[in-house]
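This is protein-v8.txt (compact mmCIF, C-alpha atoms).
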```
# COMPACT_ATOMS: atom_id res chain seq x y z
CA MET A 1 -15.27 -76.80 -9.04
CA SER A 2 -17.99 -76.34 -6.44
CA GLY A 3 -20.74 -73.75 -6.41
CA THR A 4 -18.94 -71.68 -3.79
CA ASP A 5 -15.84 -71.52 -5.94
CA LEU A 6 -17.92 -70.46 -8.93
CA LEU A 7 -19.48 -67.68 -6.86
CA LEU A 8 -16.06 -66.62 -5.62
CA TRP A 9 -14.72 -66.41 -9.17
CA PHE A 10 -17.83 -64.51 -10.25
CA PHE A 11 -17.41 -61.88 -7.52
CA ALA A 12 -13.64 -61.78 -8.06
CA ALA A 13 -14.31 -60.92 -11.70
CA ALA A 14 -17.13 -58.47 -10.97
CA ALA A 15 -15.14 -56.32 -8.52
CA PRO A 16 -12.32 -55.27 -10.90
CA GLY A 17 -14.94 -55.10 -13.68
CA GLY A 18 -16.69 -52.40 -11.67
CA GLY A 19 -13.31 -50.73 -11.19
CA VAL A 20 -12.65 -50.62 -14.93
CA LEU A 21 -16.15 -49.20 -15.50
CA MET A 22 -15.24 -46.48 -12.99
CA LEU A 23 -12.27 -45.54 -15.15
CA VAL A 24 -14.22 -45.25 -18.40
CA ALA A 25 -17.60 -43.87 -17.26
CA ARG A 26 -18.12 -40.22 -18.05
CA HIS A 27 -20.79 -39.09 -15.61
CA PRO A 28 -19.87 -39.22 -11.87
CA MET A 29 -23.20 -40.91 -11.14
CA ARG A 30 -22.24 -43.86 -13.35
CA VAL A 31 -18.87 -44.01 -11.60
CA ALA A 32 -20.73 -44.14 -8.28
CA ILE A 33 -22.99 -46.95 -9.50
CA ALA A 34 -19.95 -48.92 -10.72
CA LEU A 35 -18.24 -48.40 -7.35
CA ILE A 36 -21.37 -49.63 -5.56
CA GLY A 37 -21.28 -52.74 -7.76
CA ALA A 38 -17.62 -53.35 -6.89
CA MET A 39 -18.34 -52.88 -3.18
CA ILE A 40 -21.28 -55.31 -3.23
CA SER A 41 -19.07 -57.87 -5.02
CA LEU A 42 -16.51 -57.45 -2.23
CA ALA A 43 -19.28 -57.98 0.34
CA GLY A 44 -20.12 -61.22 -1.48
CA ILE A 45 -16.48 -62.30 -1.27
CA TYR A 46 -16.42 -61.57 2.47
CA ALA A 47 -19.58 -63.63 2.92
CA ILE A 48 -18.00 -66.54 1.00
CA LEU A 49 -14.93 -66.31 3.24
CA GLY A 50 -17.28 -66.73 6.22
CA VAL A 51 -16.66 -63.23 7.62
CA HIS A 52 -20.37 -62.41 7.66
CA VAL A 53 -20.09 -59.51 10.11
CA ILE A 54 -17.74 -57.65 7.79
CA ALA A 55 -19.92 -58.45 4.76
CA VAL A 56 -22.92 -56.90 6.52
CA PHE A 57 -20.93 -53.83 7.56
CA GLN A 58 -19.55 -53.45 4.06
CA VAL A 59 -23.09 -53.15 2.73
CA LEU A 60 -24.40 -51.07 5.65
CA ILE A 61 -21.54 -48.60 6.10
CA TYR A 62 -20.02 -48.39 2.62
CA VAL A 63 -22.99 -48.83 0.31
CA GLY A 64 -25.60 -47.62 2.78
CA ALA A 65 -23.86 -44.59 4.24
CA VAL A 66 -20.76 -43.52 2.32
CA MET A 67 -22.05 -44.11 -1.21
CA VAL A 68 -25.51 -42.67 -0.52
CA PHE A 69 -23.74 -39.55 0.77
CA MET A 70 -21.62 -39.51 -2.40
CA VAL A 71 -24.69 -39.89 -4.64
CA TYR A 72 -26.41 -36.98 -2.86
CA VAL A 73 -23.38 -34.78 -3.48
CA ILE A 74 -23.26 -35.79 -7.15
CA MET A 75 -26.92 -34.81 -7.50
CA LEU A 76 -26.18 -31.53 -5.70
CA LEU A 77 -23.20 -30.65 -7.91
CA ASP A 78 -24.26 -31.52 -11.45
CA VAL A 79 -21.58 -29.36 -13.04
CA ARG A 80 -20.91 -29.79 -16.77
CA ASP A 81 -17.34 -28.48 -16.57
CA PRO A 82 -14.18 -29.47 -18.53
CA SER A 83 -13.79 -32.58 -16.41
CA PHE A 84 -17.10 -33.82 -17.83
CA LEU A 85 -16.24 -33.10 -21.46
CA GLU A 86 -12.73 -34.48 -21.19
CA ARG A 87 -12.40 -37.36 -18.78
CA TYR A 88 -8.64 -37.77 -18.57
CA GLY A 89 -5.74 -35.49 -17.69
CA ARG A 90 -2.53 -35.20 -19.67
CA ALA A 91 -0.32 -37.90 -18.17
CA VAL A 92 -2.43 -40.95 -19.09
CA LEU A 93 0.30 -43.16 -20.56
CA PRO A 94 2.87 -42.69 -17.74
CA SER A 95 0.11 -43.25 -15.19
CA VAL A 96 -0.97 -46.49 -16.85
CA LEU A 97 2.64 -47.64 -16.97
CA LEU A 98 3.22 -46.75 -13.32
CA ALA A 99 0.06 -48.45 -12.06
CA GLY A 100 0.77 -51.50 -14.25
CA LEU A 101 4.33 -51.72 -12.96
CA LEU A 102 3.13 -51.52 -9.36
CA ALA A 103 0.50 -54.20 -9.96
CA VAL A 104 2.95 -56.54 -11.69
CA ALA A 105 5.58 -56.11 -8.97
CA LEU A 106 3.08 -56.79 -6.18
CA ALA A 107 1.51 -59.72 -8.05
CA ALA A 108 4.96 -61.25 -8.59
CA ALA A 109 5.61 -60.99 -4.86
CA VAL A 110 2.25 -62.66 -4.12
CA GLY A 111 2.96 -65.38 -6.69
CA ARG A 112 6.26 -66.24 -5.02
CA GLY A 113 4.64 -66.48 -1.56
CA ARG A 114 4.10 -69.76 0.24
CA SER A 115 0.63 -70.52 1.50
CA VAL A 116 0.32 -70.55 5.27
CA THR A 117 -2.65 -71.93 7.18
CA ALA A 118 -3.96 -70.94 10.58
CA GLY A 119 -2.52 -74.13 12.02
CA ASP A 120 1.02 -73.12 10.99
CA LEU A 121 0.58 -69.75 12.68
CA GLY A 122 -0.84 -71.31 15.83
CA THR A 123 -3.66 -68.77 16.05
CA THR A 124 -6.67 -71.09 15.97
CA GLN A 125 -8.43 -70.53 19.23
CA GLY A 126 -9.96 -73.97 19.55
CA GLU A 127 -13.06 -73.03 17.54
CA SER A 128 -13.90 -74.38 14.14
CA ALA A 129 -13.29 -71.93 11.29
CA GLY A 130 -16.98 -71.91 10.39
CA THR A 131 -18.13 -70.29 13.63
CA LEU A 132 -15.05 -68.18 14.32
CA PHE A 133 -16.34 -65.03 12.62
CA ASN A 134 -19.92 -65.24 13.88
CA VAL A 135 -21.46 -62.26 15.64
CA GLN A 136 -20.91 -63.67 19.12
CA PRO A 137 -17.11 -64.17 19.04
CA PHE A 138 -16.77 -60.91 17.11
CA SER A 139 -18.73 -58.95 19.72
CA ALA A 140 -16.88 -60.59 22.61
CA GLU A 141 -13.53 -59.66 21.05
CA PHE A 142 -14.73 -56.20 20.01
CA LEU A 143 -16.19 -55.05 23.31
CA GLY A 144 -13.88 -57.16 25.45
CA SER A 145 -10.38 -56.47 24.15
CA TYR A 146 -10.99 -53.46 21.94
CA TRP A 147 -13.42 -51.37 23.99
CA LEU A 148 -10.92 -48.52 24.25
CA HIS A 149 -10.59 -48.37 20.46
CA PHE A 150 -14.37 -48.37 20.20
CA GLU A 151 -14.56 -45.37 22.53
CA LEU A 152 -11.79 -43.63 20.60
CA THR A 153 -13.79 -44.07 17.37
CA SER A 154 -16.62 -42.09 18.91
CA VAL A 155 -14.17 -39.27 19.62
CA LEU A 156 -12.90 -39.52 16.03
CA LEU A 157 -16.43 -39.31 14.63
CA LEU A 158 -17.22 -36.32 16.84
CA ALA A 159 -14.04 -34.59 15.65
CA ALA A 160 -15.02 -35.35 12.02
CA VAL A 161 -18.48 -33.84 12.49
CA VAL A 162 -17.04 -30.70 14.12
CA ALA A 163 -14.43 -30.40 11.34
CA ALA A 164 -17.07 -30.79 8.61
CA ILE A 165 -19.19 -28.04 10.18
CA ALA A 166 -16.12 -25.82 10.55
CA VAL A 167 -15.14 -26.33 6.89
CA VAL A 168 -18.61 -25.45 5.60
CA LYS A 169 -19.06 -22.45 7.96
CA GLY A 170 -15.58 -21.09 7.15
CA GLY A 171 -16.39 -21.24 3.43
CA ARG A 172 -19.64 -19.31 3.95
CA ARG A 173 -17.77 -16.50 5.67
CA HIS A 174 -15.43 -16.18 2.68
CA ASP A 175 -18.25 -16.08 0.18
CA GLY A 176 -19.92 -13.32 2.16
CA MET B 177 -3.65 -70.61 -7.62
CA ASP B 178 -5.17 -71.09 -4.21
CA ARG B 179 -7.88 -68.93 -2.69
CA THR B 180 -5.57 -66.62 -0.72
CA GLN B 181 -3.46 -65.85 -3.77
CA LEU B 182 -6.56 -65.18 -5.86
CA LEU B 183 -7.91 -62.72 -3.30
CA LEU B 184 -4.57 -60.99 -2.82
CA THR B 185 -4.22 -60.61 -6.59
CA LEU B 186 -7.74 -59.18 -6.66
CA SER B 187 -6.84 -56.71 -3.94
CA ILE B 188 -3.73 -55.65 -5.90
CA ALA B 189 -5.87 -55.19 -9.02
CA LEU B 190 -8.39 -53.03 -7.16
CA PHE B 191 -5.62 -50.93 -5.63
CA ALA B 192 -3.93 -50.42 -9.02
CA ILE B 193 -7.22 -49.52 -10.74
CA GLY B 194 -8.02 -47.03 -8.00
CA LEU B 195 -4.54 -45.51 -8.18
CA LEU B 196 -4.87 -45.22 -11.95
CA GLY B 197 -8.23 -43.50 -11.53
CA VAL B 198 -6.79 -41.01 -9.04
CA MET B 199 -3.95 -40.23 -11.44
CA ILE B 200 -5.79 -39.92 -14.75
CA ARG B 201 -9.32 -38.73 -14.01
CA ARG B 202 -9.96 -34.98 -13.81
CA ASN B 203 -13.18 -34.87 -11.78
CA ALA B 204 -12.55 -34.34 -8.07
CA LEU B 205 -15.51 -36.50 -7.01
CA VAL B 206 -14.40 -39.34 -9.29
CA MET B 207 -10.90 -39.11 -7.81
CA LEU B 208 -12.44 -39.39 -4.35
CA MET B 209 -14.38 -42.48 -5.38
CA CYS B 210 -11.24 -44.05 -6.86
CA MET B 211 -9.54 -43.49 -3.51
CA GLU B 212 -12.42 -45.39 -1.92
CA LEU B 213 -11.73 -48.22 -4.37
CA MET B 214 -8.06 -48.26 -3.30
CA LEU B 215 -9.12 -48.44 0.33
CA ASN B 216 -11.50 -51.29 -0.49
CA GLY B 217 -8.65 -53.20 -2.11
CA VAL B 218 -6.53 -52.84 1.02
CA ILE B 219 -9.46 -53.89 3.23
CA LEU B 220 -9.89 -56.99 1.07
CA SER B 221 -6.29 -58.01 1.76
CA LEU B 222 -6.85 -57.39 5.49
CA VAL B 223 -9.96 -59.60 5.50
CA THR B 224 -8.10 -62.26 3.52
CA PHE B 225 -5.27 -62.37 6.03
CA ALA B 226 -7.71 -62.33 8.95
CA SER B 227 -9.67 -65.29 7.61
CA GLN B 228 -6.48 -67.14 6.63
CA SER B 229 -4.94 -66.78 10.07
CA ALA B 230 -8.34 -67.30 11.79
CA THR B 231 -8.00 -64.27 14.07
CA VAL B 232 -11.10 -62.35 15.16
CA SER B 233 -8.90 -59.32 15.88
CA GLY B 234 -8.50 -58.88 12.11
CA ALA B 235 -12.27 -58.55 11.71
CA VAL B 236 -12.37 -55.98 14.53
CA LEU B 237 -9.58 -54.05 12.82
CA VAL B 238 -11.56 -54.06 9.55
CA PHE B 239 -14.54 -52.62 11.40
CA LEU B 240 -12.40 -49.82 12.83
CA VAL B 241 -11.04 -49.10 9.33
CA PHE B 242 -14.66 -48.77 8.13
CA VAL B 243 -15.28 -46.14 10.78
CA VAL B 244 -12.14 -44.23 9.80
CA ALA B 245 -13.21 -44.39 6.13
CA ALA B 246 -16.61 -42.94 7.04
CA ALA B 247 -14.92 -40.12 8.96
CA GLU B 248 -12.59 -39.51 6.03
CA ILE B 249 -15.45 -39.18 3.57
CA ALA B 250 -17.33 -36.92 6.00
CA ILE B 251 -14.40 -34.48 5.84
CA ALA B 252 -13.54 -34.90 2.16
CA ILE B 253 -17.02 -34.22 0.81
CA PRO B 254 -17.41 -30.79 2.49
CA ILE B 255 -13.96 -29.81 1.19
CA VAL B 256 -14.96 -30.79 -2.37
CA LEU B 257 -18.27 -28.94 -1.92
CA LEU B 258 -16.41 -25.84 -0.80
CA LEU B 259 -13.90 -26.02 -3.67
CA SER B 260 -16.63 -26.46 -6.25
CA ARG B 261 -18.64 -23.62 -4.75
CA GLN B 262 -15.68 -21.25 -4.99
CA ARG B 263 -14.44 -22.28 -8.45
CA LYS B 264 -17.82 -23.32 -9.96
CA SER B 265 -16.02 -26.41 -11.26
CA LEU B 266 -15.15 -29.96 -10.24
CA ASP B 267 -12.16 -30.08 -12.60
CA VAL B 268 -8.94 -30.43 -10.61
CA GLY B 269 -7.23 -28.17 -13.17
CA ALA B 270 -9.31 -25.30 -11.77
CA TYR B 271 -7.66 -25.77 -8.38
CA SER B 272 -4.10 -25.52 -9.74
CA GLU B 273 -3.33 -22.47 -7.61
CA LEU B 274 -3.46 -24.78 -4.58
CA LYS B 275 -0.01 -25.98 -5.66
CA GLY B 276 2.69 -24.72 -3.31
```
What is this file in structure tokens?
Amino acid sequence: MSGTDLLLWFFAAAAPGGGVLMLVARHPMRVAIALIGAMISLAGIYAILGVHVIAVFQVLIYVGAVMVFMVYVIMLLDVRDPSFLERYGRAVLPSVLLAGLLAVALAAAVGRGRSVTAGDLGTTQGESAGTLFNVQPFSAEFLGSYWLHFELTSVLLLAAVVAAIAVVKGGRRHDG
Amino acid sequence: MDRTQLLLTLSIALFAIGLLGVMIRRNALVMLMCMELMLNGVILSLVTFASQSATVSGAVLVFLVFVVAAAEIAIAIPIVLLLSRQRKSLDVGAYSELKG
């Protein structure tokens, strides 16, 4: 087993480990820290797969923007309400059974699958796999073929900002 | 077990853990974070398939999903803020009158 494989197994164990910590941690801040750990492990996996652009964006967008936002809100709303004293709702056992059933069914389907390489699919574009996901081919594809989607994302983000302002302002009016 | 199967199993595990968290936890913020974990599991499977089939379009799609996730959290957090400001609680049981 090579060093890369060891690292892959390490991150593949750390990500669901962070997920389990999220289930058992009591304070939302600890849940957020566990989620950040899981996300950084996923970024490590992406880097091992050679998709460095996505690994960087995982850290920048998810850990850097989304989770920092989440941590701010947790600090803002430090409410010691019933959800802090009692972590779980009523239907714990059925939920565990349902999620376990789903996981087993999906894992059985994955286990039966046959491994397919890029050569079988005929999608290799003449480049070696090592350089395929570098910044240059990514940018060429992104701003060459998908420029319309990129522009549409800016519209989506604008709509999200307007909606967030509308939600907060509307709530103020109700509170008086 | 080859690498693709390992990563797909990992993505299933993350999705199931996130789903379990959404179903059993009572804190609205924790539920939101568990939904993020579910989304991360799905993104992992997308990246796995993109790197297996050696298509750059998959990586572009993942980037667009990141943007949508950021927009989603930008809407969800103000809603949670508003709910907690009105009910003085993050417990989803306090919002039970939102049921139809």
Taking all atoms listed in the file into account, what are the residues of chain A at most 6 Å from chain B, put as a PyMOL selection string? chain A and resi 16+23+81+83+87-89+92+99+103+107+118+124+142+157+160+164
So how many Å separate atom CA of Leu60 of chain A and atom CA of Ala15 of chain A, to one decimal?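 Straight-line distance from atom CA of Leu60 of chain A to atom CA of Ala15 of chain A works out to 17.7 Å.
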Neighbours of Tyr46 of chain A within 10 Å (only C-alpha atoms; same-chain residues fewer than 5 positions away dropped), as number ranges by chain? A: 8, 40-41, 51-56, 58; B: 220, 223-224, 227
Best match for closeness to Pro28 of chain A among A:Trp147, A:Phe84, A:Phe133, A:Phe57, counting all atoms listed in the file: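 Closest candidate: A:Phe84.
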Reconstructed N, CA and C atoms for segment 232-266 of chain B, given as a compact mmCIF listing (two decimals), in the coordinates of the input:
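Output (rebuild27.txt):
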```txt
# COMPACT_ATOMS: atom_id res chain seq x y z
N VAL B 232 -9.94 -63.25 15.10
CA VAL B 232 -11.10 -62.35 15.16
C VAL B 232 -10.62 -60.90 15.22
N SER B 233 -9.42 -60.68 15.78
CA SER B 233 -8.90 -59.32 15.88
C SER B 233 -8.84 -58.65 14.52
N GLY B 234 -8.54 -59.43 13.46
CA GLY B 234 -8.50 -58.88 12.11
C GLY B 234 -9.85 -58.31 11.72
N ALA B 235 -10.93 -59.03 12.04
CA ALA B 235 -12.27 -58.55 11.71
C ALA B 235 -12.58 -57.26 12.47
N VAL B 236 -12.15 -57.20 13.74
CA VAL B 236 -12.37 -55.98 14.53
C VAL B 236 -11.62 -54.81 13.90
N LEU B 237 -10.39 -55.09 13.46
CA LEU B 237 -9.58 -54.05 12.82
C LEU B 237 -10.26 -53.54 11.55
N VAL B 238 -10.85 -54.46 10.76
CA VAL B 238 -11.56 -54.06 9.55
C VAL B 238 -12.72 -53.13 9.90
N PHE B 239 -13.42 -53.48 10.98
CA PHE B 239 -14.54 -52.62 11.40
C PHE B 239 -14.06 -51.22 11.75
N LEU B 240 -12.92 -51.14 12.46
CA LEU B 240 -12.40 -49.82 12.83
C LEU B 240 -11.97 -49.05 11.58
N VAL B 241 -11.42 -49.77 10.58
CA VAL B 241 -11.04 -49.10 9.33
C VAL B 241 -12.28 -48.55 8.64
N PHE B 242 -13.41 -49.28 8.70
CA PHE B 242 -14.66 -48.77 8.13
C PHE B 242 -15.03 -47.44 8.76
N VAL B 243 -14.91 -47.38 10.08
CA VAL B 243 -15.28 -46.14 10.78
C VAL B 243 -14.38 -45.00 10.33
N VAL B 244 -13.07 -45.27 10.22
CA VAL B 244 -12.14 -44.23 9.80
C VAL B 244 -12.46 -43.78 8.38
N ALA B 245 -12.86 -44.75 7.51
CA ALA B 245 -13.21 -44.39 6.13
C ALA B 245 -14.44 -43.50 6.11
N ALA B 246 -15.42 -43.79 6.99
CA ALA B 246 -16.61 -42.94 7.04
C ALA B 246 -16.25 -41.54 7.50
N ALA B 247 -15.35 -41.44 8.50
CA ALA B 247 -14.92 -40.12 8.96
C ALA B 247 -14.19 -39.37 7.86
N GLU B 248 -13.35 -40.12 7.11
CA GLU B 248 -12.59 -39.51 6.03
C GLU B 248 -13.52 -38.91 4.98
N ILE B 249 -14.55 -39.67 4.61
CA ILE B 249 -15.45 -39.18 3.57
C ILE B 249 -16.29 -38.02 4.11
N ALA B 250 -16.56 -38.02 5.42
CA ALA B 250 -17.33 -36.92 6.00
C ALA B 250 -16.54 -35.62 5.97
N ILE B 251 -15.21 -35.69 5.96
CA ILE B 251 -14.40 -34.48 5.84
C ILE B 251 -14.17 -34.13 4.38
N ALA B 252 -13.93 -35.15 3.54
CA ALA B 252 -13.54 -34.90 2.16
C ALA B 252 -14.67 -34.27 1.36
N ILE B 253 -15.90 -34.74 1.59
CA ILE B 253 -17.02 -34.22 0.81
C ILE B 253 -17.25 -32.73 1.05
N PRO B 254 -17.27 -32.24 2.31
CA PRO B 254 -17.41 -30.79 2.49
C PRO B 254 -16.29 -29.99 1.83
N ILE B 255 -15.06 -30.55 1.84
CA ILE B 255 -13.96 -29.81 1.19
C ILE B 255 -14.21 -29.70 -0.31
N VAL B 256 -14.66 -30.83 -0.94
CA VAL B 256 -14.96 -30.79 -2.37
C VAL B 256 -16.12 -29.84 -2.65
N LEU B 257 -17.13 -29.86 -1.77
CA LEU B 257 -18.27 -28.94 -1.92
C LEU B 257 -17.80 -27.49 -1.90
N LEU B 258 -16.91 -27.20 -0.95
CA LEU B 258 -16.41 -25.84 -0.80
C LEU B 258 -15.61 -25.42 -2.02
N LEU B 259 -14.71 -26.33 -2.49
CA LEU B 259 -13.90 -26.02 -3.67
C LEU B 259 -14.79 -25.77 -4.87
N SER B 260 -15.80 -26.62 -5.06
CA SER B 260 -16.63 -26.46 -6.25
C SER B 260 -17.50 -25.23 -6.13
N ARG B 261 -17.84 -24.83 -4.90
CA ARG B 261 -18.64 -23.62 -4.75
C ARG B 261 -17.81 -22.38 -5.08
N GLN B 262 -16.51 -22.43 -4.73
CA GLN B 262 -15.68 -21.25 -4.99
C GLN B 262 -15.26 -21.15 -6.44
N ARG B 263 -14.98 -22.30 -7.09
CA ARG B 263 -14.44 -22.28 -8.45
C ARG B 263 -15.52 -22.57 -9.49
N LYS B 264 -16.72 -22.95 -9.05
CA LYS B 264 -17.82 -23.32 -9.96
C LYS B 264 -17.38 -24.45 -10.89
N SER B 265 -16.53 -25.34 -10.40
CA SER B 265 -16.02 -26.41 -11.26
C SER B 265 -15.56 -27.58 -10.39
N LEU B 266 -15.68 -28.79 -10.94
CA LEU B 266 -15.15 -29.96 -10.24
C LEU B 266 -13.85 -30.43 -10.88
```
